[in-house]
>>> print(open('data.pdb').read())   # PDB, C-alpha atoms
ATOM      1  CA  MET A  39     -13.652 -21.764 -55.118
ATOM      2  CA  LYS A  40      -9.876 -21.399 -55.589
ATOM      3  CA  LYS A  41      -9.401 -22.288 -51.921
ATOM      4  CA  ALA A  42     -11.645 -25.349 -52.284
ATOM      5  CA  ILE A  43      -9.608 -26.526 -55.292
ATOM      6  CA  MET A  44      -6.329 -26.197 -53.374
ATOM      7  CA  LEU A  45      -7.683 -27.898 -50.261
ATOM      8  CA  GLY A  46      -9.306 -30.618 -52.360
ATOM      9  CA  LEU A  47      -5.940 -31.218 -53.999
ATOM     10  CA  VAL A  48      -4.191 -31.548 -50.604
ATOM     11  CA  ALA A  49      -6.917 -33.781 -49.120
ATOM     12  CA  GLY A  50      -6.985 -35.867 -52.318
ATOM     13  CA  PHE A  51      -3.211 -36.327 -52.240
ATOM     14  CA  PHE A  52      -3.283 -37.656 -48.670
ATOM     15  CA  SER A  53      -6.365 -39.746 -49.419
ATOM     16  CA  GLY A  54      -4.421 -41.338 -52.318
ATOM     17  CA  ILE A  55      -1.474 -42.118 -50.019
ATOM     18  CA  VAL A  56      -3.753 -43.669 -47.369
ATOM     19  CA  SER A  57      -5.514 -45.684 -50.077
ATOM     20  CA  LEU A  58      -2.145 -46.966 -51.296
ATOM     21  CA  ILE A  59      -1.078 -47.961 -47.767
ATOM     22  CA  VAL A  60      -4.368 -49.623 -46.832
ATOM     23  CA  LYS A  61      -4.620 -51.600 -50.058
ATOM     24  CA  ASN A  62      -0.996 -52.749 -50.153
ATOM     25  CA  SER A  63       0.068 -53.163 -46.548
ATOM     26  CA  GLY A  64      -1.853 -56.353 -45.872
ATOM     27  CA  LEU A  65      -4.829 -54.575 -44.296
ATOM     28  CA  PHE A  66      -6.806 -55.305 -47.470
ATOM     29  CA  GLU A  67      -6.305 -59.041 -46.910
ATOM     30  CA  LEU A  68      -7.554 -58.753 -43.322
ATOM     31  CA  PHE A  69     -11.059 -58.188 -44.613
ATOM     32  CA  SER A  70     -11.137 -61.047 -47.087
ATOM     33  CA  THR A  71      -9.410 -64.169 -48.340
ATOM     34  CA  ALA A  72      -8.760 -62.390 -51.649
ATOM     35  CA  SER A  73      -5.566 -60.391 -52.089
ATOM     36  CA  TYR A  74      -5.327 -56.983 -53.775
ATOM     37  CA  PRO A  75      -4.997 -57.697 -57.525
ATOM     38  CA  PRO A  76      -1.225 -57.669 -58.236
ATOM     39  CA  ILE A  77      -1.524 -56.565 -61.868
ATOM     40  CA  ILE A  78       1.292 -54.029 -61.717
ATOM     41  CA  ASN A  79       4.210 -53.042 -59.495
ATOM     42  CA  ILE A  80       3.870 -50.905 -56.373
ATOM     43  CA  GLN A  81       5.403 -47.775 -57.941
ATOM     44  CA  THR A  82       2.816 -47.785 -60.721
ATOM     45  CA  ILE A  83      -0.010 -48.404 -58.241
ATOM     46  CA  ALA A  84       1.286 -45.445 -56.185
ATOM     47  CA  LYS A  85       1.187 -43.172 -59.244
ATOM     48  CA  ILE A  86      -2.355 -44.302 -60.089
ATOM     49  CA  GLU A  87      -3.706 -43.931 -56.531
ATOM     50  CA  ILE A  88      -2.156 -40.500 -55.974
ATOM     51  CA  THR A  89      -3.083 -39.097 -59.401
ATOM     52  CA  TRP A  90      -6.672 -40.339 -59.017
ATOM     53  CA  GLY A  91      -6.775 -38.909 -55.505
ATOM     54  CA  ILE A  92      -5.572 -35.495 -56.661
ATOM     55  CA  VAL A  93      -7.823 -35.244 -59.752
ATOM     56  CA  TRP A  94     -10.989 -36.384 -57.980
ATOM     57  CA  GLY A  95      -9.961 -34.673 -54.751
ATOM     58  CA  ILE A  96     -10.150 -31.359 -56.614
ATOM     59  CA  ILE A  97     -13.589 -32.232 -58.028
ATOM     60  CA  PHE A  98     -14.877 -33.368 -54.613
ATOM     61  CA  GLY A  99     -13.450 -30.178 -53.086
ATOM     62  CA  MET A 100     -15.372 -28.065 -55.601
ATOM     63  CA  LEU A 101     -18.558 -29.992 -54.819
ATOM     64  CA  TYR A 102     -17.915 -29.520 -51.086
ATOM     65  CA  ALA A 103     -17.648 -25.762 -51.514
ATOM     66  CA  PHE A 104     -20.691 -25.654 -53.824
ATOM     67  CA  PHE A 105     -22.977 -27.633 -51.490
ATOM     68  CA  TYR A 106     -21.351 -26.385 -48.254
ATOM     69  CA  ASP A 107     -24.460 -24.740 -46.751
ATOM     70  CA  TYR A 108     -26.605 -27.811 -47.435
ATOM     71  CA  ILE A 109     -24.335 -30.365 -45.752
ATOM     72  CA  PRO A 110     -25.492 -30.992 -42.178
ATOM     73  CA  SER A 111     -23.328 -30.191 -39.115
ATOM     74  CA  GLU A 112     -20.222 -28.022 -38.756
ATOM     75  CA  GLY A 113     -16.428 -28.243 -39.097
ATOM     76  CA  VAL A 114     -14.824 -31.692 -39.139
ATOM     77  CA  LYS A 115     -18.204 -33.423 -38.743
ATOM     78  CA  LYS A 116     -19.453 -31.652 -41.891
ATOM     79  CA  GLY A 117     -16.426 -32.973 -43.778
ATOM     80  CA  LEU A 118     -16.977 -36.516 -42.497
ATOM     81  CA  ILE A 119     -20.647 -36.429 -43.538
ATOM     82  CA  PHE A 120     -19.613 -35.181 -46.981
ATOM     83  CA  GLY A 121     -17.001 -37.953 -47.142
ATOM     84  CA  LEU A 122     -19.662 -40.514 -46.277
ATOM     85  CA  ILE A 123     -22.016 -39.233 -49.011
ATOM     86  CA  ILE A 124     -19.214 -39.280 -51.599
ATOM     87  CA  TRP A 125     -18.078 -42.737 -50.469
ATOM     88  CA  VAL A 126     -21.629 -44.126 -50.891
ATOM     89  CA  ILE A 127     -21.934 -42.609 -54.373
ATOM     90  CA  VAL A 128     -18.452 -43.452 -55.654
ATOM     91  CA  PHE A 129     -17.162 -46.588 -53.935
ATOM     92  CA  LEU A 130     -20.027 -48.375 -52.187
ATOM     93  CA  ARG A 131     -21.915 -48.477 -55.476
ATOM     94  CA  PHE A 132     -18.798 -49.731 -57.285
ATOM     95  CA  ALA A 133     -18.357 -52.482 -54.678
ATOM     96  CA  THR A 134     -21.994 -53.500 -55.242
ATOM     97  CA  VAL A 135     -21.437 -53.614 -59.001
ATOM     98  CA  ALA A 136     -18.264 -55.707 -58.491
ATOM     99  CA  ALA A 137     -20.095 -58.086 -56.141
ATOM    100  CA  ALA A 138     -22.935 -58.452 -58.653
ATOM    101  CA  TYR A 139     -20.384 -59.525 -61.272
ATOM    102  CA  GLY A 140     -19.041 -62.227 -58.923
ATOM    103  CA  TYR A 141     -16.106 -60.329 -57.394
ATOM    104  CA  HIS A 142     -17.582 -60.400 -53.897
ATOM    105  CA  LEU A 143     -14.261 -61.391 -52.270
ATOM    106  CA  PHE A 144     -12.797 -58.198 -53.744
ATOM    107  CA  ALA A 145     -15.869 -56.026 -53.077
ATOM    108  CA  THR A 146     -15.920 -56.196 -49.257
ATOM    109  CA  PRO A 147     -12.278 -55.238 -48.576
ATOM    110  CA  PHE A 148     -12.464 -52.670 -51.385
ATOM    111  CA  ALA A 149     -15.484 -50.984 -49.781
ATOM    112  CA  LEU A 150     -13.859 -51.016 -46.337
ATOM    113  CA  SER A 151     -10.447 -49.787 -47.495
ATOM    114  CA  THR A 152     -11.966 -46.946 -49.533
ATOM    115  CA  PHE A 153     -14.085 -46.045 -46.502
ATOM    116  CA  VAL A 154     -10.829 -45.406 -44.636
ATOM    117  CA  SER A 155      -9.182 -43.470 -47.471
ATOM    118  CA  LEU A 156     -12.137 -41.418 -48.761
ATOM    119  CA  CYS A 157     -14.718 -41.081 -46.008
ATOM    120  CA  ILE A 158     -12.370 -40.828 -43.030
ATOM    121  CA  THR A 159      -9.142 -39.346 -44.457
ATOM    122  CA  TYR A 160     -10.548 -37.096 -47.184
ATOM    123  CA  GLY A 161     -13.642 -36.158 -45.174
ATOM    124  CA  PHE A 162     -11.620 -35.317 -42.077
ATOM    125  CA  LEU A 163      -9.065 -33.228 -43.979
ATOM    126  CA  ILE A 164     -11.549 -31.248 -46.057
ATOM    127  CA  GLY A 165     -13.720 -30.621 -42.980
ATOM    128  CA  TYR A 166     -10.755 -29.547 -40.889
ATOM    129  CA  LEU A 167      -9.096 -27.373 -43.533
ATOM    130  CA  TYR A 168     -12.071 -25.745 -45.267
ATOM    131  CA  LYS A 169     -13.730 -22.850 -43.504
ATOM    132  CA  LYS A 170     -16.070 -20.543 -45.384
TER     133      LYS A 170
ATOM    134  CA  MET B   8     -50.793 -38.705 -56.828
ATOM    135  CA  LYS B   9     -48.973 -36.293 -54.527
ATOM    136  CA  ILE B  10     -46.358 -36.979 -51.855
ATOM    137  CA  SER B  11     -46.025 -34.135 -49.366
ATOM    138  CA  ASN B  12     -42.883 -35.405 -47.578
ATOM    139  CA  PRO B  13     -39.945 -34.344 -49.807
ATOM    140  CA  LEU B  14     -37.648 -37.110 -48.477
ATOM    141  CA  ILE B  15     -40.142 -39.860 -49.350
ATOM    142  CA  ARG B  16     -40.816 -38.116 -52.678
ATOM    143  CA  GLY B  17     -37.090 -38.103 -53.423
ATOM    144  CA  PHE B  18     -36.781 -41.783 -52.543
ATOM    145  CA  TYR B  19     -39.714 -42.957 -54.672
ATOM    146  CA  SER B  20     -38.806 -40.694 -57.592
ATOM    147  CA  GLY B  21     -35.240 -42.019 -57.436
ATOM    148  CA  LEU B  22     -36.376 -45.636 -57.155
ATOM    149  CA  ILE B  23     -38.610 -45.407 -60.246
ATOM    150  CA  ALA B  24     -36.000 -43.344 -62.119
ATOM    151  CA  GLY B  25     -33.389 -45.989 -61.239
ATOM    152  CA  ILE B  26     -35.545 -48.818 -62.592
ATOM    153  CA  ILE B  27     -36.184 -46.886 -65.819
ATOM    154  CA  GLY B  28     -32.466 -46.012 -65.976
ATOM    155  CA  GLY B  29     -31.664 -49.731 -65.678
ATOM    156  CA  ILE B  30     -34.059 -50.583 -68.516
ATOM    157  CA  ALA B  31     -32.593 -47.769 -70.663
ATOM    158  CA  PHE B  32     -29.051 -49.004 -69.956
ATOM    159  CA  THR B  33     -29.952 -52.534 -71.060
ATOM    160  CA  GLY B  34     -31.655 -51.179 -74.175
ATOM    161  CA  PHE B  35     -28.669 -49.036 -75.178
ATOM    162  CA  ARG B  36     -26.228 -51.821 -74.361
ATOM    163  CA  THR B  37     -28.165 -54.301 -76.521
ATOM    164  CA  LEU B  38     -28.455 -51.814 -79.372
ATOM    165  CA  ASP B  39     -24.732 -51.120 -79.163
ATOM    166  CA  SER B  40     -23.916 -54.806 -79.237
ATOM    167  CA  MET B  41     -26.189 -55.352 -82.248
ATOM    168  CA  LEU B  42     -24.508 -52.496 -84.120
ATOM    169  CA  GLY B  43     -21.098 -53.942 -83.211
ATOM    170  CA  LEU B  44     -19.947 -50.773 -81.423
ATOM    171  CA  TRP B  45     -19.232 -52.614 -78.176
ATOM    172  CA  ALA B  46     -17.120 -55.184 -80.042
ATOM    173  CA  ILE B  47     -14.761 -52.369 -81.119
ATOM    174  CA  LEU B  48     -13.941 -51.922 -77.421
ATOM    175  CA  GLY B  49     -13.437 -55.672 -77.033
ATOM    176  CA  MET B  50     -16.287 -55.876 -74.515
ATOM    177  CA  PRO B  51     -18.677 -58.842 -74.282
ATOM    178  CA  ALA B  52     -21.759 -58.473 -76.489
ATOM    179  CA  VAL B  53     -25.272 -58.412 -75.046
ATOM    180  CA  THR B  54     -27.311 -60.022 -77.792
ATOM    181  CA  SER B  55     -28.532 -63.420 -76.613
ATOM    182  CA  PHE B  56     -31.751 -63.681 -74.595
ATOM    183  CA  ASP B  57     -29.851 -64.976 -71.547
ATOM    184  CA  THR B  58     -27.356 -62.108 -71.437
ATOM    185  CA  ILE B  59     -30.083 -59.479 -72.001
ATOM    186  CA  ILE B  60     -32.148 -60.885 -69.104
ATOM    187  CA  SER B  61     -29.049 -61.076 -66.918
ATOM    188  CA  VAL B  62     -28.009 -57.459 -67.615
ATOM    189  CA  LEU B  63     -31.618 -56.272 -67.240
ATOM    190  CA  GLY B  64     -32.092 -57.975 -63.875
ATOM    191  CA  TYR B  65     -28.809 -56.752 -62.477
ATOM    192  CA  SER B  66     -29.273 -53.183 -63.830
ATOM    193  CA  ILE B  67     -32.828 -52.813 -62.548
ATOM    194  CA  GLY B  68     -31.835 -54.237 -59.156
ATOM    195  CA  HIS B  69     -28.812 -52.124 -58.417
ATOM    196  CA  GLN B  70     -30.036 -48.997 -60.215
ATOM    197  CA  GLY B  71     -33.342 -49.186 -58.340
ATOM    198  CA  ILE B  72     -31.696 -49.487 -54.910
ATOM    199  CA  TYR B  73     -29.040 -46.841 -55.541
ATOM    200  CA  GLY B  74     -31.541 -44.710 -57.457
ATOM    201  CA  GLY B  75     -33.636 -44.530 -54.276
ATOM    202  CA  ILE B  76     -30.605 -43.621 -52.133
ATOM    203  CA  PHE B  77     -29.459 -40.996 -54.648
ATOM    204  CA  GLY B  78     -33.050 -39.688 -54.732
ATOM    205  CA  ILE B  79     -32.800 -38.947 -51.000
ATOM    206  CA  ILE B  80     -29.510 -37.105 -51.617
ATOM    207  CA  TYR B  81     -31.269 -35.214 -54.463
ATOM    208  CA  PHE B  82     -33.909 -33.993 -52.026
ATOM    209  CA  LYS B  83     -31.207 -32.888 -49.569
ATOM    210  CA  PHE B  84     -29.334 -30.748 -52.148
ATOM    211  CA  TYR B  85     -32.355 -29.870 -54.319
ATOM    212  CA  ASN B  86     -32.270 -26.091 -53.744
ATOM    213  CA  ARG B  87     -28.566 -25.805 -54.601
ATOM    214  CA  ILE B  88     -28.649 -27.811 -57.849
ATOM    215  CA  PRO B  89     -28.560 -25.425 -60.846
ATOM    216  CA  GLY B  90     -31.537 -25.160 -63.215
ATOM    217  CA  LYS B  91     -35.298 -25.402 -62.813
ATOM    218  CA  GLY B  92     -37.611 -28.421 -62.714
ATOM    219  CA  ILE B  93     -36.435 -31.169 -65.064
ATOM    220  CA  GLU B  94     -33.140 -29.335 -65.695
ATOM    221  CA  LYS B  95     -32.246 -29.908 -62.047
ATOM    222  CA  GLY B  96     -32.785 -33.640 -62.519
ATOM    223  CA  ILE B  97     -30.628 -33.730 -65.651
ATOM    224  CA  VAL B  98     -27.791 -31.805 -63.972
ATOM    225  CA  TYR B  99     -28.008 -34.110 -60.944
ATOM    226  CA  GLY B 100     -28.022 -37.221 -63.151
ATOM    227  CA  LEU B 101     -24.882 -35.986 -64.911
ATOM    228  CA  ILE B 102     -23.164 -35.238 -61.571
ATOM    229  CA  ILE B 103     -23.961 -38.766 -60.353
ATOM    230  CA  GLY B 104     -22.764 -40.194 -63.693
ATOM    231  CA  ALA B 105     -19.467 -38.321 -63.298
ATOM    232  CA  LEU B 106     -19.002 -39.439 -59.696
ATOM    233  CA  THR B 107     -19.747 -43.078 -60.437
ATOM    234  CA  ASP B 108     -18.965 -44.481 -63.872
ATOM    235  CA  ILE B 109     -16.697 -41.680 -65.111
ATOM    236  CA  ALA B 110     -14.683 -41.869 -61.853
ATOM    237  CA  TYR B 111     -14.155 -45.629 -62.379
ATOM    238  CA  GLY B 112     -13.339 -44.995 -66.016
ATOM    239  CA  THR B 113     -10.671 -42.491 -64.953
ATOM    240  CA  ALA B 114      -9.045 -45.064 -62.647
ATOM    241  CA  LEU B 115      -8.855 -47.566 -65.509
ATOM    242  CA  LEU B 116      -7.564 -44.854 -67.840
ATOM    243  CA  LEU B 117      -4.752 -44.142 -65.353
ATOM    244  CA  ILE B 118      -3.794 -47.841 -65.338
ATOM    245  CA  TRP B 119      -3.555 -47.596 -69.132
ATOM    246  CA  VAL B 120      -1.504 -44.382 -68.934
ATOM    247  CA  TYR B 121       0.970 -45.596 -66.302
ATOM    248  CA  ALA B 122       1.106 -49.339 -66.963
ATOM    249  CA  GLY B 123       0.368 -49.301 -70.688
ATOM    250  CA  ILE B 124      -2.116 -52.171 -70.577
ATOM    251  CA  GLY B 125      -4.330 -51.558 -73.614
ATOM    252  CA  GLN B 126      -7.297 -53.536 -72.342
ATOM    253  CA  TYR B 127      -7.881 -50.911 -69.639
ATOM    254  CA  PHE B 128      -8.257 -48.130 -72.195
ATOM    255  CA  ASN B 129     -11.173 -49.995 -73.784
ATOM    256  CA  GLU B 130     -12.717 -50.767 -70.428
ATOM    257  CA  SER B 131     -12.433 -47.155 -69.315
ATOM    258  CA  LEU B 132     -14.231 -45.991 -72.468
ATOM    259  CA  GLY B 133     -16.926 -48.581 -71.771
ATOM    260  CA  TRP B 134     -17.484 -47.166 -68.265
ATOM    261  CA  ILE B 135     -17.526 -43.565 -69.496
ATOM    262  CA  ILE B 136     -20.085 -44.365 -72.229
ATOM    263  CA  SER B 137     -22.172 -46.337 -69.708
ATOM    264  CA  ALA B 138     -22.446 -43.250 -67.513
ATOM    265  CA  PHE B 139     -24.550 -41.499 -70.153
ATOM    266  CA  TYR B 140     -26.634 -44.609 -70.893
ATOM    267  CA  GLN B 141     -27.917 -44.987 -67.376
ATOM    268  CA  TRP B 142     -27.592 -41.669 -65.550
ATOM    269  CA  LEU B 143     -28.986 -39.336 -68.201
ATOM    270  CA  PRO B 144     -32.339 -41.222 -68.380
ATOM    271  CA  TYR B 145     -32.207 -41.458 -64.576
ATOM    272  CA  GLY B 146     -31.831 -37.685 -64.230
ATOM    273  CA  ILE B 147     -34.625 -36.922 -66.696
ATOM    274  CA  VAL B 148     -37.108 -39.283 -64.995
ATOM    275  CA  LEU B 149     -36.062 -38.106 -61.516
ATOM    276  CA  GLY B 150     -36.534 -34.467 -62.491
ATOM    277  CA  VAL B 151     -39.982 -35.119 -64.002
ATOM    278  CA  LEU B 152     -41.252 -37.331 -61.179
ATOM    279  CA  TYR B 153     -39.973 -35.143 -58.362
ATOM    280  CA  GLU B 154     -41.850 -32.165 -59.821
ATOM    281  CA  ARG B 155     -44.997 -34.138 -60.702
ATOM    282  CA  LEU B 156     -45.344 -35.708 -57.252
ATOM    283  CA  LYS B 157     -45.183 -32.333 -55.503
TER     284      LYS B 157
END
>>> encode(input="data.pdb", output="C-alpha cells")
Amino acid sequence: MKKAIMLGLVAGFFSGIVSLIVKNSGLFELFSTASYPPIINIQTIAKIEITWGIVWGIIFGMLYAFFYDYIPSEGVKKGLIFGLIIWVIVFLRFATVAAAYGYHLFATPFALSTFVSLCITYGFLIGYLYKK
Amino acid sequence: MKISNPLIRGFYSGLIAGIIGGIAFTGFRTLDSMLGLWAILGMPAVTSFDTIISVLGYSIGHQGIYGGIFGIIYFKFYNRIPGKGIEKGIVYGLIIGALTDIAYGTALLLIWVYAGIGQYFNESLGWIISAFYQWLPYGIVLGVLYERLK
C-alpha cells in the first residue's frame, strides 16, 4: 500500500501538470467557444491543479492497489482501464452535472481535457509504474 | 423477481437506487432550505414548487443514468468491496460519494485556500454535504436490491 501511495502521488503530480497545461494552453478553447474561466491568476491555478492532483492521486493510487486483481487486463492497459473508470466516475459525471445546469460550453472541453489528464496521463503512469 | 446475470442485476439495481437517491437528494435539499440551513452557505433555496420539480427532474435523470453505470462497476468489484450484503452497498455508495461530490468540493476548497475567495468555501461545503444526501441512500438501496434480485 505504501508503494501505491508513493506512485499515486507521482502520477497525480504529473496529472496535475498536464491538466494545467491542457486547460491553460489554448487546447481547452479548441473544443469549445467558451474559454477556461479566468477567475484567478495562472500561479494560483497551478497550485490548485497540482495539489488536487497529488491529494486525489494518492487516493486513486490506494484504490488501484486495493482493486488491482479485479481490474481487467495487465500492465499499462490495466492502468488505462482504471483511469477510464475513475474519469467516468469523477469528471464525466461532473461535466454532465455542469451541462445540466446550463454550462454546456464549459462541460465538453472540461470532459475532454480531464480525459487527457486523468484517464491517459494518470492511467498510463500508474499502470506503467505499479507492479504487484 | 430474480436476475441471474450479475451485470444486468448491477445495472438495474443501480438504476433504481439512482432514482431513489435522486428523490432522497431533493427531499433533503428541500428540508434543508425550509430549515434555512442552505441559506447559511449562501446557496439558492429549494422551496418553491418550480425549483423542487426542477431539482427533482434533474436529480432523478442524472442519478438514474449514472446510478446504472455505477451499478455495473459495483458488479465488477463486488467481491473486493468490504462488508457483507447491504454493508457492501453502503461502503460502495460512500466511495462513489467521495470520488464525485467530495472530490469537487475539495477542488473548490483549494480555490478558497489559495485564492481566498470566500464564496468557494460555502460551495465546497454544499458539495460535500450533497455527497451524503444522494450517495448514502443510493448505496443502501443498491446493496438491498443487488442481494434481493439474486
>>> residues_around(input="data.pdb", residues="Glu130 (chain B)", least_positions_apart="6", cutoff="8 Å", atoms="all atoms listed in the file", output="JSON, numbers by chain")
{"B": [48, 50, 112, 115]}
>>> interface_residues(input="data.pdb", of="chain B", to="chain A", cutoff="8 Å", atoms="all atoms listed in the file", output="list of chain:residue names")
B:Tyr65, B:His69, B:Tyr73, B:Phe77, B:Lys83, B:Phe84, B:Arg87, B:Ile103, B:Leu106, B:Thr107, B:Ala110, B:Thr113, B:Ala114, B:Leu117, B:Ile118, B:Tyr121, B:Ala122
>>> atom_distance(input="data.pdb", atom1="CA of Ser55 (chain B)", atom2="CA of Phe32 (chain B)")
15.9 Å
>>> resolve_selection(input="data.pdb", expression="the PyMOL selection byres ((chain A and resi 44) around 12)", output="PyMOL selection string")
chain A and resi 39-43+45-51+92-93+95-100+103+164+167-168
>>> resolve_selection(input="data.pdb", expression="the PyMOL selection byres ((chain B and resi 149) around 8)", output="PyMOL selection string")
chain B and resi 20-21+23-24+78+93+96+145-148+150-153
>>> atom_distance(input="data.pdb", atom1="CA of Ser155 (chain A)", atom2="CA of Ala105 (chain B)")
19.6 Å
>>> resolve_selection(input="data.pdb", expression="the PyMOL selection byres ((chain B and resi 30) around 9)", output="mmCIF file with C-alpha atoms, in the coordinates of the input")
data_model
loop_
_atom_site.group_PDB
_atom_site.id
_atom_site.type_symbol
_atom_site.label_atom_id
_atom_site.label_comp_id
_atom_site.auth_asym_id
_atom_site.auth_seq_id
_atom_site.Cartn_x
_atom_site.Cartn_y
_atom_site.Cartn_z
ATOM 1 C CA GLY B 25 -33.389 -45.989 -61.239
ATOM 2 C CA ILE B 26 -35.545 -48.818 -62.592
ATOM 3 C CA ILE B 27 -36.184 -46.886 -65.819
ATOM 4 C CA GLY B 28 -32.466 -46.012 -65.976
ATOM 5 C CA GLY B 29 -31.664 -49.731 -65.678
ATOM 6 C CA ALA B 31 -32.593 -47.769 -70.663
ATOM 7 C CA PHE B 32 -29.051 -49.004 -69.956
ATOM 8 C CA THR B 33 -29.952 -52.534 -71.060
ATOM 9 C CA GLY B 34 -31.655 -51.179 -74.175
ATOM 10 C CA PHE B 35 -28.669 -49.036 -75.178
ATOM 11 C CA LEU B 63 -31.618 -56.272 -67.240
ATOM 12 C CA GLY B 64 -32.092 -57.975 -63.875
ATOM 13 C CA SER B 66 -29.273 -53.183 -63.830
ATOM 14 C CA ILE B 67 -32.828 -52.813 -62.548
ATOM 15 C CA GLN B 141 -27.917 -44.987 -67.376
#
>>> axis_aligned_box(input="data.pdb", around="region 46-63 of chain A", padding_each_side="5 Å", output="JSON")
{"center_x": -4.6, "center_y": -41.9, "center_z": -50.3, "size_x": 19.4, "size_y": 32.5, "size_z": 17.5}
>>> atom_distance(input="data.pdb", atom1="CA of Leu38 (chain B)", atom2="CA of Asp108 (chain B)")
19.6 Å
>>> build_atoms(input="data.pdb", residues="region 85-106 of chain B", atoms="N, CA and C atoms", output="JSON list (two decimals), in the coordinates of the input")
[["chain", "number", "residue", "atom", "x", "y", "z"],
["B", 85, "TYR", "N", -31.46, -30.35, -53.26],
["B", 85, "TYR", "CA", -32.35, -29.87, -54.32],
["B", 85, "TYR", "C", -32.21, -28.36, -54.60],
["B", 86, "ASN", "N", -32.27, -27.55, -53.55],
["B", 86, "ASN", "CA", -32.27, -26.09, -53.74],
["B", 86, "ASN", "C", -30.97, -25.56, -54.34],
["B", 87, "ARG", "N", -29.88, -26.30, -54.15],
["B", 87, "ARG", "CA", -28.57, -25.80, -54.60],
["B", 87, "ARG", "C", -28.22, -26.28, -56.03],
["B", 88, "ILE", "N", -28.95, -27.29, -56.51],
["B", 88, "ILE", "CA", -28.65, -27.81, -57.85],
["B", 88, "ILE", "C", -29.09, -26.78, -58.90],
["B", 89, "PRO", "N", -28.20, -26.45, -59.86],
["B", 89, "PRO", "CA", -28.56, -25.42, -60.85],
["B", 89, "PRO", "C", -29.73, -25.86, -61.74],
["B", 90, "GLY", "N", -30.43, -24.89, -62.30],
["B", 90, "GLY", "CA", -31.54, -25.16, -63.22],
["B", 90, "GLY", "C", -32.88, -25.11, -62.53],
["B", 91, "LYS", "N", -33.92, -25.43, -63.33],
["B", 91, "LYS", "CA", -35.30, -25.40, -62.81],
["B", 91, "LYS", "C", -36.00, -26.66, -63.25],
["B", 92, "GLY", "N", -36.80, -27.24, -62.37],
["B", 92, "GLY", "CA", -37.61, -28.42, -62.71],
["B", 92, "GLY", "C", -36.79, -29.59, -63.23],
["B", 93, "ILE", "N", -37.10, -29.99, -64.48],
["B", 93, "ILE", "CA", -36.44, -31.17, -65.06],
["B", 93, "ILE", "C", -34.93, -30.92, -65.23],
["B", 94, "GLU", "N", -34.57, -29.68, -65.53],
["B", 94, "GLU", "CA", -33.14, -29.34, -65.69],
["B", 94, "GLU", "C", -32.33, -29.75, -64.47],
["B", 95, "LYS", "N", -32.92, -29.53, -63.30],
["B", 95, "LYS", "CA", -32.25, -29.91, -62.05],
["B", 95, "LYS", "C", -31.96, -31.41, -62.05],
["B", 96, "GLY", "N", -32.95, -32.19, -62.47],
["B", 96, "GLY", "CA", -32.78, -33.64, -62.52],
["B", 96, "GLY", "C", -31.69, -34.06, -63.48],
["B", 97, "ILE", "N", -31.65, -33.40, -64.64],
["B", 97, "ILE", "CA", -30.63, -33.73, -65.65],
["B", 97, "ILE", "C", -29.23, -33.40, -65.12],
["B", 98, "VAL", "N", -29.10, -32.20, -64.53],
["B", 98, "VAL", "CA", -27.79, -31.80, -63.97],
["B", 98, "VAL", "C", -27.37, -32.80, -62.90],
["B", 99, "TYR", "N", -28.32, -33.17, -62.03],
["B", 99, "TYR", "CA", -28.01, -34.11, -60.94],
["B", 99, "TYR", "C", -27.61, -35.48, -61.50],
["B", 100, "GLY", "N", -28.34, -35.94, -62.51],
["B", 100, "GLY", "CA", -28.02, -37.22, -63.15],
["B", 100, "GLY", "C", -26.61, -37.21, -63.72],
["B", 101, "LEU", "N", -26.23, -36.09, -64.33],
["B", 101, "LEU", "CA", -24.88, -35.99, -64.91],
["B", 101, "LEU", "C", -23.81, -35.93, -63.82],
["B", 102, "ILE", "N", -24.13, -35.27, -62.69],
["B", 102, "ILE", "CA", -23.16, -35.24, -61.57],
["B", 102, "ILE", "C", -22.96, -36.66, -61.04],
["B", 103, "ILE", "N", -24.05, -37.39, -60.86],
["B", 103, "ILE", "CA", -23.96, -38.77, -60.35],
["B", 103, "ILE", "C", -23.19, -39.64, -61.37],
["B", 104, "GLY", "N", -23.47, -39.45, -62.64],
["B", 104, "GLY", "CA", -22.76, -40.19, -63.69],
["B", 104, "GLY", "C", -21.27, -39.94, -63.64],
["B", 105, "ALA", "N", -20.89, -38.66, -63.40],
["B", 105, "ALA", "CA", -19.47, -38.32, -63.30],
["B", 105, "ALA", "C", -18.84, -38.97, -62.07],
["B", 106, "LEU", "N", -19.56, -38.91, -60.95],
["B", 106, "LEU", "CA", -19.00, -39.44, -59.70],
["B", 106, "LEU", "C", -18.96, -40.96, -59.66]]
